[in-house]
Amino acid sequence: MEKGIFAGLKVLDCASFIAAPAAATVLSDFGADVIKIEPPGAGDPYRNLPNLPGYPTGEHNFAWLLEARNKKSIALDLSKPEAQAVLYKLVEEADVFITNMPPPVRAKLGITYDHLAHLNDRLIYASFTGYGEKGEEANKPGFDSNAYWARSGLMDLVRADTHTTPARSVAGMGDHPCAMALYGAIVTALYQREKTGKGSHVASNLMANGVWAASVLAQAKLCGAKFGERRPRERALNAVTNHYQCKDGRWIILSLLNEDRQWPTLARCIGREDLINDPRFITKPDRHARSVELIRIFDEVFATRDLAEWRKILDGNGLVFGVVGILDDIPNDKQMLENEVLVPFENDTMLTINSPIWVDGAKKVQPRKPPAVGEHSDEILRRAGYDEAAIKQLRSSGAVG
């Protein structure tokens, strides 16, 4: 396991943007040899994400650093038969093929499951779509903002209250959980292959993962449950599972699920011991019935100290709460650094975000910087058995970039 659980596993990443390529990234973190297949020229259009309006600007392509680490790139124009022939040669030796191209595009480029499965009966073919591979929406393009976030009900559910507008998602918020689902499907198929010796077709999609993320309330709806009014923070039904603003503008969220035991502790540590025997708040039903009054009191109390002070007080009294984090917190988050949530690139001090899985005794590779478009084309072709004359011919035809 010194080189990783998946050392020697050969993965073809023939996908774009986030969810499907990120599944390949997780495999690479555990040692898999991942070849990124992208079109010549500009390559995967995801490389251009930081240039779109509204995204952060800087000297580094942050999106590509995250999704394409550890990979090698070959540039293939799969509209050309010569490039398809190269891909088929790679498939013959591959363990996993990943794509998120819509089904009609897969058919046009010759990369459907039926095109590839007969070349290698041990191949795991992993496909990812917006809305699933059956039904009238099977060919419909999907991104996490629409197929995951909006379609699932999450966009409606997380807004502050019934009267505010639906909440926008942030970049990749649905894609990265979806990547873990596709990764899980691939690993499950690899386990099945250990038992049967045969590969298979596995799939996941944005819509299914979105509903899974919303599944507690979605299941309630499926059971015919009755839903109450969605109330704003100031009128929440439980003051001790609500969020409050500190003196310095930062926010915390209380999560006192063991309310009966922790209520006296909370009252004491915020300097309001009088609330313990206040007839308005003595029992849990009392506190819930008068949650609006209690929220007003807590708003005044938490506004008297900065976040750092409240953090020390609440932690010191064993109360369950969370800091409403901001991006500025992340680079110096000691807990994230000590648990290798953030890890440095190889031969660099720049940090990247680790995949959220650890296995005792199985080493992860240190992240390597991502490739340029077609950076490893010649190397990959030579390894596949092409000589220099054949490589030159592939390049002159435009099949390889």
# chains A, B, ... in the order shown; residues from 1 in each chain; ligands from 1
$ residues_around --residues "Asp121 (chain A)" --least-positions-apart "5" --cutoff "10 Å" --atoms "only C-alpha atoms" --output "MDAnalysis selection string"
chainID A and resid 92 95 116 197:200
$ residues_around --residues "region 365-367 of chain A" --least-positions-apart "4" --cutoff "7 Å" --atoms "only C-alpha atoms" --output "JSON list (two decimals) with N, CA and C atoms, in the first residue's frame"
[["chain", "number", "residue", "atom", "x", "y", "z"],
["A", 4, "GLY", "N", -0.18, 3.43, -2.73],
["A", 4, "GLY", "CA", -1.60, 3.69, -2.82],
["A", 4, "GLY", "C", -2.40, 2.45, -3.15],
["A", 29, "ASP", "N", -5.76, 10.14, -6.17],
["A", 29, "ASP", "CA", -5.22, 10.40, -4.83],
["A", 29, "ASP", "C", -4.75, 9.12, -4.15],
["A", 30, "PHE", "N", -5.39, 8.01, -4.50],
["A", 30, "PHE", "CA", -5.00, 6.72, -3.94],
["A", 30, "PHE", "C", -4.11, 5.92, -4.89],
["A", 31, "GLY", "N", -3.46, 6.61, -5.83],
["A", 31, "GLY", "CA", -2.41, 5.98, -6.62],
["A", 31, "GLY", "C", -2.77, 5.54, -8.02],
["A", 69, "ARG", "N", -5.36, 17.55, -10.76],
["A", 69, "ARG", "CA", -4.09, 17.16, -10.14],
["A", 69, "ARG", "C", -3.82, 15.67, -10.40],
["A", 70, "ASN", "N", -2.54, 15.35, -10.43],
["A", 70, "ASN", "CA", -2.05, 13.96, -10.55],
["A", 70, "ASN", "C", -2.24, 13.34, -11.93],
["A", 345, "PHE", "N", 0.91, 20.84, -2.58],
["A", 345, "PHE", "CA", 1.32, 20.20, -3.82],
["A", 345, "PHE", "C", 2.77, 19.74, -3.69],
["A", 346, "GLU", "N", 3.13, 18.75, -4.49],
["A", 346, "GLU", "CA", 4.50, 18.25, -4.53],
["A", 346, "GLU", "C", 5.46, 19.38, -4.90]]
$ closest_residue --among "A:Ala75, A:Leu257, A:Leu27, A:Ala372" --to "Asn238 (chain A)" --atoms "only C-alpha atoms"
A:Leu257
$ closest_residue --among "A:Asn139, A:Gln219, A:Thr162, A:Ser28" --to "Ile5 (chain A)" --atoms "only C-alpha atoms"
A:Ser28
$ residues_around --residues "Ala63 (chain A)" --least-positions-apart "3" --cutoff "9 Å" --atoms "only C-alpha atoms" --output "PyMOL selection string"
chain A and resi 18+46-50+60+66-68
$ residues_around --residues "Gly110 (chain A)" --least-positions-apart "2" --cutoff "10 Å" --atoms "only C-alpha atoms" --output "PyMOL selection string"
chain A and resi 78-79+81+84-85+87-88+104-108+112-116
$ write_last_selection --atoms "N, CA, C and O atoms" --output "short mmCIF file (atom, residue, chain, number, x, y, z; two decimals), in the first residue's frame"
data_model
loop_
_atom_site.label_atom_id
_atom_site.label_comp_id
_atom_site.auth_asym_id
_atom_site.auth_seq_id
_atom_site.Cartn_x
_atom_site.Cartn_y
_atom_site.Cartn_z
N LEU A 78 -11.64 13.27 -31.01
CA LEU A 78 -12.39 12.02 -31.15
C LEU A 78 -13.40 12.04 -32.29
O LEU A 78 -14.07 11.04 -32.53
N SER A 79 -13.50 13.17 -32.99
CA SER A 79 -14.34 13.17 -34.19
C SER A 79 -13.62 12.49 -35.36
O SER A 79 -14.24 12.20 -36.39
N PRO A 81 -11.54 9.28 -36.94
CA PRO A 81 -11.39 7.83 -36.74
C PRO A 81 -10.01 7.45 -36.20
O PRO A 81 -9.89 6.52 -35.40
N GLN A 84 -10.08 7.94 -32.52
CA GLN A 84 -10.90 6.88 -31.90
C GLN A 84 -10.10 5.59 -31.80
O GLN A 84 -10.18 4.87 -30.80
N ALA A 85 -9.30 5.31 -32.82
CA ALA A 85 -8.47 4.09 -32.80
C ALA A 85 -7.46 4.15 -31.66
O ALA A 85 -7.18 3.12 -31.01
N LEU A 87 -7.88 5.83 -28.85
CA LEU A 87 -8.66 5.62 -27.62
C LEU A 87 -8.96 4.14 -27.41
O LEU A 87 -8.81 3.62 -26.31
N TYR A 88 -9.36 3.45 -28.46
CA TYR A 88 -9.70 2.03 -28.32
C TYR A 88 -8.48 1.23 -27.87
O TYR A 88 -8.61 0.28 -27.08
N PRO A 104 -26.07 11.17 -26.93
CA PRO A 104 -25.89 11.34 -28.38
C PRO A 104 -24.45 11.65 -28.77
O PRO A 104 -23.98 11.21 -29.83
N VAL A 105 -23.74 12.40 -27.91
CA VAL A 105 -22.34 12.73 -28.20
C VAL A 105 -21.48 11.48 -28.07
O VAL A 105 -20.59 11.24 -28.89
N ARG A 106 -21.77 10.67 -27.06
CA ARG A 106 -21.03 9.40 -26.92
C ARG A 106 -21.19 8.54 -28.17
O ARG A 106 -20.23 7.93 -28.66
N ALA A 107 -22.42 8.49 -28.68
CA ALA A 107 -22.67 7.68 -29.89
C ALA A 107 -21.92 8.25 -31.08
O ALA A 107 -21.31 7.49 -31.86
N LYS A 108 -21.92 9.56 -31.22
CA LYS A 108 -21.24 10.20 -32.35
C LYS A 108 -19.74 9.97 -32.31
O LYS A 108 -19.10 9.77 -33.35
N THR A 112 -19.68 4.94 -26.55
CA THR A 112 -20.73 4.38 -25.71
C THR A 112 -20.21 3.10 -25.04
O THR A 112 -19.17 2.56 -25.41
N TYR A 113 -20.97 2.61 -24.08
CA TYR A 113 -20.59 1.35 -23.41
C TYR A 113 -20.47 0.22 -24.43
O TYR A 113 -19.53 -0.57 -24.40
N ASP A 114 -21.41 0.17 -25.36
CA ASP A 114 -21.38 -0.90 -26.37
C ASP A 114 -20.16 -0.78 -27.28
O ASP A 114 -19.63 -1.79 -27.75
N HIS A 115 -19.72 0.45 -27.53
CA HIS A 115 -18.52 0.62 -28.36
C HIS A 115 -17.27 0.07 -27.66
O HIS A 115 -16.35 -0.43 -28.31
N LEU A 116 -17.23 0.21 -26.34
CA LEU A 116 -15.98 -0.07 -25.61
C LEU A 116 -15.97 -1.42 -24.89
O LEU A 116 -14.90 -2.02 -24.73
#
$ residues_around --residues "Glu137 (chain A)" --least-positions-apart "6" --cutoff "12 Å" --atoms "only C-alpha atoms" --output "number ranges by chain"
A: 102-103, 129-131, 147, 205, 207
$ select_by_dssp --residues "region 24-53 of chain A" --states "strand (DSSP E or B)" --output "PDB file with N, CA, C and O atoms, in the first residue's frame"
ATOM      1  N   ASP A  33      -3.369   5.516 -11.969  1.00  0.00           N
ATOM      2  CA  ASP A  33      -2.744   6.195 -13.109  1.00  0.00           C
ATOM      3  C   ASP A  33      -3.874   6.737 -13.982  1.00  0.00           C
ATOM      4  O   ASP A  33      -4.559   5.985 -14.672  1.00  0.00           O
ATOM      5  N   VAL A  34      -4.098   8.054 -13.943  1.00  0.00           N
ATOM      6  CA  VAL A  34      -5.234   8.655 -14.637  1.00  0.00           C
ATOM      7  C   VAL A  34      -4.754   9.419 -15.864  1.00  0.00           C
ATOM      8  O   VAL A  34      -3.899  10.299 -15.766  1.00  0.00           O
ATOM      9  N   ILE A  35      -5.309   9.075 -17.002  1.00  0.00           N
ATOM     10  CA  ILE A  35      -5.037   9.791 -18.256  1.00  0.00           C
ATOM     11  C   ILE A  35      -6.246  10.653 -18.589  1.00  0.00           C
ATOM     12  O   ILE A  35      -7.367  10.142 -18.740  1.00  0.00           O
ATOM     13  N   LYS A  36      -6.022  11.938 -18.680  1.00  0.00           N
ATOM     14  CA  LYS A  36      -7.053  12.891 -19.059  1.00  0.00           C
ATOM     15  C   LYS A  36      -7.111  12.978 -20.578  1.00  0.00           C
ATOM     16  O   LYS A  36      -6.107  13.301 -21.226  1.00  0.00           O
ATOM     17  N   ILE A  37      -8.272  12.688 -21.154  1.00  0.00           N
ATOM     18  CA  ILE A  37      -8.464  12.774 -22.605  1.00  0.00           C
ATOM     19  C   ILE A  37      -9.249  14.046 -22.879  1.00  0.00           C
ATOM     20  O   ILE A  37     -10.374  14.214 -22.403  1.00  0.00           O
ATOM     21  N   GLU A  38      -8.631  14.954 -23.626  1.00  0.00           N
ATOM     22  CA  GLU A  38      -9.292  16.229 -23.905  1.00  0.00           C
ATOM     23  C   GLU A  38      -9.013  16.645 -25.343  1.00  0.00           C
ATOM     24  O   GLU A  38      -8.043  16.180 -25.956  1.00  0.00           O
TER      25      GLU A  38
END
$ closest_residue --among "A:Leu65, A:Ile391, A:Met155, A:Val11" --to "Asn354 (chain A)" --atoms "only C-alpha atoms"
A:Leu65
$ select_by_dssp --residues "region 134-379 of chain A" --states "helix (DSSP H, G or I)" --output "ChimeraX atom specification"
/A:144-150,154-157,175-196,206-213,215-222,233-235,239-241,259-269,273-275,284-289,291-302,307-316,327-332,334-338,377-379
$ closest_residue --among "A:Ile252, A:Ala236, A:Leu381, A:Ala7" --to "Gln393 (chain A)" --atoms "only C-alpha atoms"
A:Leu381
$ atom_distance --atom1 "CA of Asn317 (chain A)" --atom2 "CA of Thr304 (chain A)"
18.3 Å
$ closest_residue --among "A:Pro264, A:Gln192, A:Ala203, A:Glu93" --to "Glu133 (chain A)" --atoms "only C-alpha atoms"
A:Ala203
$ residues_around --residues "Thr349 (chain A)" --least-positions-apart "6" --cutoff "12 Å" --atoms "only C-alpha atoms" --output "mmCIF file with N, CA and C atoms, in the first residue's frame"
data_model
loop_
_atom_site.group_PDB
_atom_site.id
_atom_site.type_symbol
_atom_site.label_atom_id
_atom_site.label_comp_id
_atom_site.auth_asym_id
_atom_site.auth_seq_id
_atom_site.Cartn_x
_atom_site.Cartn_y
_atom_site.Cartn_z
ATOM 1 N N PRO A 331 -7.385 28.886 4.881
ATOM 2 C CA PRO A 331 -5.940 28.630 4.740
ATOM 3 C C PRO A 331 -5.197 28.407 6.048
ATOM 4 N N LEU A 342 -6.347 19.919 4.120
ATOM 5 C CA LEU A 342 -5.563 20.766 3.222
ATOM 6 C C LEU A 342 -4.158 20.181 3.150
ATOM 7 N N VAL A 343 -3.663 19.967 1.941
ATOM 8 C CA VAL A 343 -2.331 19.370 1.768
ATOM 9 C C VAL A 343 -1.562 20.149 0.701
ATOM 10 N N GLN A 366 1.161 12.431 -2.819
ATOM 11 C CA GLN A 366 1.205 13.879 -2.650
ATOM 12 C C GLN A 366 0.730 14.519 -3.945
ATOM 13 N N PRO A 367 -0.209 15.450 -3.877
ATOM 14 C CA PRO A 367 -0.774 16.012 -5.107
ATOM 15 C C PRO A 367 0.288 16.591 -6.033
ATOM 16 N N ARG A 368 0.148 16.268 -7.307
ATOM 17 C CA ARG A 368 1.031 16.809 -8.337
ATOM 18 C C ARG A 368 0.268 17.833 -9.174
ATOM 19 N N LYS A 369 0.960 18.848 -9.637
ATOM 20 C CA LYS A 369 0.318 19.889 -10.432
ATOM 21 C C LYS A 369 -0.316 19.287 -11.695
#
$ residues_around --residues "region 278-280 of chain A" --least-positions-apart "3" --cutoff "10 Å" --atoms "only C-alpha atoms" --output "PyMOL selection string"
chain A and resi 273-275+283+285-291+293-294
$ write_last_selection --atoms "N, CA, C and O atoms" --output "PDB file, in the first residue's frame"
ATOM      1  N   GLU A 273     -27.809  33.527  34.043  1.00  0.00           N
ATOM      2  CA  GLU A 273     -28.275  32.450  34.921  1.00  0.00           C
ATOM      3  C   GLU A 273     -29.722  32.651  35.328  1.00  0.00           C
ATOM      4  O   GLU A 273     -30.430  31.698  35.678  1.00  0.00           O
ATOM      5  N   ASP A 274     -30.180  33.903  35.294  1.00  0.00           N
ATOM      6  CA  ASP A 274     -31.569  34.200  35.656  1.00  0.00           C
ATOM      7  C   ASP A 274     -32.577  33.493  34.752  1.00  0.00           C
ATOM      8  O   ASP A 274     -33.731  33.249  35.153  1.00  0.00           O
ATOM      9  N   LEU A 275     -32.142  33.146  33.542  1.00  0.00           N
ATOM     10  CA  LEU A 275     -33.060  32.509  32.605  1.00  0.00           C
ATOM     11  C   LEU A 275     -33.424  31.087  33.015  1.00  0.00           C
ATOM     12  O   LEU A 275     -34.470  30.569  32.615  1.00  0.00           O
ATOM     13  N   THR A 283     -39.230  24.898  31.050  1.00  0.00           N
ATOM     14  CA  THR A 283     -39.270  23.607  30.355  1.00  0.00           C
ATOM     15  C   THR A 283     -38.993  23.771  28.863  1.00  0.00           C
ATOM     16  O   THR A 283     -39.100  24.872  28.314  1.00  0.00           O
ATOM     17  N   PRO A 285     -40.893  22.715  26.328  1.00  0.00           N
ATOM     18  CA  PRO A 285     -42.075  23.271  25.649  1.00  0.00           C
ATOM     19  C   PRO A 285     -42.238  24.771  25.887  1.00  0.00           C
ATOM     20  O   PRO A 285     -42.660  25.497  24.973  1.00  0.00           O
ATOM     21  N   ASP A 286     -41.878  25.238  27.101  1.00  0.00           N
ATOM     22  CA  ASP A 286     -41.949  26.679  27.370  1.00  0.00           C
ATOM     23  C   ASP A 286     -40.999  27.445  26.449  1.00  0.00           C
ATOM     24  O   ASP A 286     -41.371  28.473  25.872  1.00  0.00           O
ATOM     25  N   ARG A 287     -39.787  26.944  26.340  1.00  0.00           N
ATOM     26  CA  ARG A 287     -38.784  27.641  25.525  1.00  0.00           C
ATOM     27  C   ARG A 287     -39.178  27.655  24.048  1.00  0.00           C
ATOM     28  O   ARG A 287     -38.960  28.628  23.341  1.00  0.00           O
ATOM     29  N   HIS A 288     -39.766  26.539  23.586  1.00  0.00           N
ATOM     30  CA  HIS A 288     -40.178  26.484  22.189  1.00  0.00           C
ATOM     31  C   HIS A 288     -41.379  27.393  21.931  1.00  0.00           C
ATOM     32  O   HIS A 288     -41.459  28.041  20.883  1.00  0.00           O
ATOM     33  N   ALA A 289     -42.299  27.426  22.880  1.00  0.00           N
ATOM     34  CA  ALA A 289     -43.480  28.277  22.720  1.00  0.00           C
ATOM     35  C   ALA A 289     -43.106  29.754  22.696  1.00  0.00           C
ATOM     36  O   ALA A 289     -43.806  30.566  22.079  1.00  0.00           O
ATOM     37  N   ARG A 290     -42.012  30.095  23.391  1.00  0.00           N
ATOM     38  CA  ARG A 290     -41.587  31.501  23.470  1.00  0.00           C
ATOM     39  C   ARG A 290     -40.227  31.704  22.803  1.00  0.00           C
ATOM     40  O   ARG A 290     -39.408  32.497  23.238  1.00  0.00           O
ATOM     41  N   SER A 291     -40.007  30.957  21.724  1.00  0.00           N
ATOM     42  CA  SER A 291     -38.703  31.014  21.057  1.00  0.00           C
ATOM     43  C   SER A 291     -38.377  32.411  20.547  1.00  0.00           C
ATOM     44  O   SER A 291     -37.213  32.831  20.574  1.00  0.00           O
ATOM     45  N   GLU A 293     -39.123  35.303  21.849  1.00  0.00           N
ATOM     46  CA  GLU A 293     -38.611  36.105  22.974  1.00  0.00           C
ATOM     47  C   GLU A 293     -37.179  35.710  23.309  1.00  0.00           C
ATOM     48  O   GLU A 293     -36.327  36.568  23.570  1.00  0.00           O
ATOM     49  N   LEU A 294     -36.933  34.398  23.301  1.00  0.00           N
ATOM     50  CA  LEU A 294     -35.612  33.912  23.663  1.00  0.00           C
ATOM     51  C   LEU A 294     -34.568  34.296  22.604  1.00  0.00           C
ATOM     52  O   LEU A 294     -33.424  34.641  22.941  1.00  0.00           O
TER      53      LEU A 294
END
$ closest_residue --among "A:Val96, A:Ala15, A:Ala23, A:Ile297" --to "Asn120 (chain A)" --atoms "only C-alpha atoms"
A:Val96
